[in-house]
Number of protein chains: 2
Amino acid sequence: VKNYRLILEYDGTDFEGWQLQAPGRRTLQGCLEDALSRIAGHPVRCVGSGRTDSGVHAEAQVANAHLETRLAPEDLLRAANANLPPDLAIRELAIAPDAFHARRDARSKHYRYRIWNHPVRSPLRARGSWWVRGPLDLRAIDRALPAVLGEHDFASFRATGSSVRTTVRRLLRAEASGSAGGEVALDFAASGFLRHMVRNLVGTVVEIGLQRREPEDLRRILEARHRSAAGATAPARGLTLVSVEYAGWES
Amino acid sequence: VKNYRLILEYDGTDFEGWQLQAPGRRTLQGCLEDALSRIAGHPVRCVGSGRTDSGVHAEAQVANAHLETRLAPEDLLRAANANLPPDLAIRELAIAPDAFHARRDARSKHYRYRIWNHPVRSPLRARGSWWVRGPLDLRAIDRALPAVLGEHDFASFRATGSSVRTTVRRLLRAEASGSAGGEVALDFAASGFLRHMVRNLVGTVVEIGLQRREPEDLRRILEARHRSAAGATAPARGLTLVSVEYAGWES
């Protein structure tokens, strides 16, 4: 039995998120475990770096799985991808140290949120971005974002009803790019995120960009430490897990 | 009754092509005519610059339609998009001269064919590109492509079983870009294309890129003037109609 490190790409549109749930639900973990179990000939469990919600995509999600096979890694990769659906693939597969744990060992994650900022919606961008019709004031967004950098209590941006030990997180990156009237991207990196944290940050940042809130409001909302202070949750389809960083390497 | 010029964007994956066919088939023309008829309150016919096959996408297909409405063009655009499905939208809508005909007046069209050239398939690119696993020799492709530029009889690259008056077409552009092992694009522009012509050219060009044929074979196949001489038809999903040119403007 060896421990394999997997780098995964997926279009999350037609998945009910990462986590294995009730039978009959199409989850990423479920599809992956089915494919690997079929090849290994024994039940296989996969651990992801974290759970992505229904509709969220990944360019390089990281997972690990212990399994027994005589296949060389490159043949295991090929066999696994032949058993996975078109919207999920293993990009890389390598033998990892036995103790490697995709969730516990993750140092930081990078998410990108894509917005199509145009008066007319874009069918070719519909699966991967949020359509925001009104022109975004990117300078206002640039002024607001630094307030969330560093270590803060992000209780205002957690998912409603979620309970975690601590809502303190350290944000390493919070940046807007692109152009108003076209494609806009918001990049966030942190050692860890609360559930819905990126989508809740984006919801508030977009309200600032639409001039429905002031740039200074982002700091005020953060300091309120209460979910009701922040804006709406941005839709899942705009969110992509871009990479996960571990000691010594990045996906 | 006014004549409207429409610029359309669509993700062709879930459409059975452009043309209105038997009832119950989901076509682009059908969806568009349904939406415009509902708004105008009378049956509306749409003429496209050309038919795109099932699975082919468009960034800027052009169509025209005669209809009667009191709505200003910007309100008609908004109402139409609200009545169209997520994978089809009107990007622009303007009143055109009464004689404007999207098919007859088209001067040239630009198609792009996208290839994901990597050992592992890419779920996030699955709807919009053809996965070609083996590394493409882009220099061989660059050497081959100029042979098809200019006016030629493209009978070798027409759809099997199609009958047209003439198979002579003038190719204005035939270019490869991108990088082997990643995203590769093939751009073709012509005053007109035969059915499946781009996909048949791509099928042969990829065989040259995979070194299964010589660069010189493209000219030989062209000169053979027989469909059986060329390679397989590349899948529809990689193909996008990028723009259509008219006297004085381009979509």
# chains A, B, ... in the order shown; residues from 1 in each chain; ligands from 1
call {"tool": "select_by_dssp", "arguments": {"residues": "segment 10-248 of chain B", "states": "helix (DSSP H, G or I)", "output": "VMD selection string"}}
result
chain B and resid 12 to 14 28 to 40 73 to 82 123 to 125 138 to 148 155 to 157 197 to 209 217 to 224 227 to 229 236 to 238
call {"tool": "write_last_selection", "arguments": {"atoms": "C-alpha atoms", "output": "PDB file, in the first residue's frame"}}
result
ATOM      1  CA  GLY B  12     -22.901  25.225 -29.000  1.00  0.00           C
ATOM      2  CA  THR B  13     -22.427  22.138 -26.788  1.00  0.00           C
ATOM      3  CA  ASP B  14     -26.098  21.572 -26.051  1.00  0.00           C
ATOM      4  CA  LEU B  28     -30.032  28.171 -32.240  1.00  0.00           C
ATOM      5  CA  GLN B  29     -32.354  29.501 -34.923  1.00  0.00           C
ATOM      6  CA  GLY B  30     -35.318  27.905 -33.152  1.00  0.00           C
ATOM      7  CA  CYS B  31     -34.490  29.430 -29.727  1.00  0.00           C
ATOM      8  CA  LEU B  32     -33.854  32.830 -31.278  1.00  0.00           C
ATOM      9  CA  GLU B  33     -37.048  32.842 -33.338  1.00  0.00           C
ATOM     10  CA  ASP B  34     -39.086  31.702 -30.318  1.00  0.00           C
ATOM     11  CA  ALA B  35     -37.723  34.527 -28.148  1.00  0.00           C
ATOM     12  CA  LEU B  36     -38.182  37.238 -30.788  1.00  0.00           C
ATOM     13  CA  SER B  37     -41.645  35.990 -31.784  1.00  0.00           C
ATOM     14  CA  ARG B  38     -42.763  36.095 -28.145  1.00  0.00           C
ATOM     15  CA  ILE B  39     -41.623  39.718 -27.827  1.00  0.00           C
ATOM     16  CA  ALA B  40     -42.905  40.908 -31.205  1.00  0.00           C
ATOM     17  CA  PRO B  73     -33.154  48.598 -29.721  1.00  0.00           C
ATOM     18  CA  GLU B  74     -31.542  48.558 -26.226  1.00  0.00           C
ATOM     19  CA  ASP B  75     -34.835  47.426 -24.644  1.00  0.00           C
ATOM     20  CA  LEU B  76     -35.420  44.842 -27.359  1.00  0.00           C
ATOM     21  CA  LEU B  77     -31.903  43.494 -26.711  1.00  0.00           C
ATOM     22  CA  ARG B  78     -32.564  43.242 -23.000  1.00  0.00           C
ATOM     23  CA  ALA B  79     -35.996  41.627 -23.459  1.00  0.00           C
ATOM     24  CA  ALA B  80     -34.631  39.125 -25.983  1.00  0.00           C
ATOM     25  CA  ASN B  81     -31.750  38.081 -23.723  1.00  0.00           C
ATOM     26  CA  ALA B  82     -34.162  37.613 -20.829  1.00  0.00           C
ATOM     27  CA  PRO B 123     -11.938  19.185 -17.777  1.00  0.00           C
ATOM     28  CA  LEU B 124     -12.034  22.991 -17.757  1.00  0.00           C
ATOM     29  CA  ARG B 125     -11.258  23.046 -21.493  1.00  0.00           C
ATOM     30  CA  LEU B 138       4.102  23.212 -34.778  1.00  0.00           C
ATOM     31  CA  ARG B 139       6.943  23.859 -37.215  1.00  0.00           C
ATOM     32  CA  ALA B 140       5.634  21.105 -39.474  1.00  0.00           C
ATOM     33  CA  ILE B 141       2.157  22.649 -39.233  1.00  0.00           C
ATOM     34  CA  ASP B 142       3.556  26.097 -40.052  1.00  0.00           C
ATOM     35  CA  ARG B 143       5.277  24.651 -43.103  1.00  0.00           C
ATOM     36  CA  ALA B 144       2.104  22.919 -44.283  1.00  0.00           C
ATOM     37  CA  LEU B 145      -0.529  25.637 -43.871  1.00  0.00           C
ATOM     38  CA  PRO B 146       0.480  28.126 -46.602  1.00  0.00           C
ATOM     39  CA  ALA B 147      -0.417  25.508 -49.230  1.00  0.00           C
ATOM     40  CA  VAL B 148      -4.128  26.071 -48.644  1.00  0.00           C
ATOM     41  CA  ALA B 155     -13.296  19.171 -52.649  1.00  0.00           C
ATOM     42  CA  SER B 156     -10.922  17.045 -50.518  1.00  0.00           C
ATOM     43  CA  PHE B 157     -12.072  18.894 -47.412  1.00  0.00           C
ATOM     44  CA  MET B 197     -14.144  22.306 -44.280  1.00  0.00           C
ATOM     45  CA  VAL B 198     -12.429  23.769 -41.199  1.00  0.00           C
ATOM     46  CA  ARG B 199     -12.809  20.564 -39.206  1.00  0.00           C
ATOM     47  CA  ASN B 200     -11.490  18.500 -42.124  1.00  0.00           C
ATOM     48  CA  LEU B 201      -8.517  20.836 -42.578  1.00  0.00           C
ATOM     49  CA  VAL B 202      -7.816  20.594 -38.827  1.00  0.00           C
ATOM     50  CA  GLY B 203      -8.037  16.791 -38.905  1.00  0.00           C
ATOM     51  CA  THR B 204      -5.369  16.652 -41.605  1.00  0.00           C
ATOM     52  CA  VAL B 205      -3.200  19.388 -40.088  1.00  0.00           C
ATOM     53  CA  VAL B 206      -3.174  17.543 -36.736  1.00  0.00           C
ATOM     54  CA  GLU B 207      -2.021  14.357 -38.489  1.00  0.00           C
ATOM     55  CA  ILE B 208       0.848  16.426 -39.909  1.00  0.00           C
ATOM     56  CA  GLY B 209       1.546  17.806 -36.422  1.00  0.00           C
ATOM     57  CA  ASP B 217       0.821  16.159 -47.883  1.00  0.00           C
ATOM     58  CA  LEU B 218      -1.521  19.103 -47.317  1.00  0.00           C
ATOM     59  CA  ARG B 219      -0.870  20.361 -50.856  1.00  0.00           C
ATOM     60  CA  ARG B 220      -1.101  16.822 -52.255  1.00  0.00           C
ATOM     61  CA  ILE B 221      -4.445  16.216 -50.549  1.00  0.00           C
ATOM     62  CA  LEU B 222      -5.764  19.548 -51.812  1.00  0.00           C
ATOM     63  CA  GLU B 223      -4.735  18.634 -55.350  1.00  0.00           C
ATOM     64  CA  ALA B 224      -6.344  15.181 -55.095  1.00  0.00           C
ATOM     65  CA  ARG B 227     -12.603  13.611 -49.720  1.00  0.00           C
ATOM     66  CA  SER B 228     -10.945  10.218 -49.137  1.00  0.00           C
ATOM     67  CA  ALA B 229      -7.500  11.795 -49.510  1.00  0.00           C
ATOM     68  CA  ALA B 236     -17.077  20.078 -33.411  1.00  0.00           C
ATOM     69  CA  ARG B 237     -16.369  21.144 -29.820  1.00  0.00           C
ATOM     70  CA  GLY B 238     -13.013  22.743 -30.742  1.00  0.00           C
TER      71      GLY B 238
END
call {"tool": "interface_residues", "arguments": {"of": "chain A", "to": "chain B", "cutoff": "7 Å", "atoms": "only C-alpha atoms", "output": "ChimeraX atom specification"}}
result
/A:9-11,86-89,91,120-124
call {"tool": "residues_around", "arguments": {"residues": "Arg112 of chain A", "least_positions_apart": "6", "cutoff": "8 Å", "atoms": "only C-alpha atoms", "output": "list in words"}}
result
Ala185, Leu186, Asp187, Phe188, Leu239, Thr240, Leu241 and Val242 of chain A
call {"tool": "closest_residue", "arguments": {"among": "A:Tyr4, A:Val244, A:Arg212, A:Glu250", "to": "Ala99 of chain A", "atoms": "only C-alpha atoms"}}
result
A:Tyr4
call {"tool": "atom_distance", "arguments": {"atom1": "atom CA of Val1 of chain B", "atom2": "atom CA of Ser49 of chain B"}}
result
20.9 Å
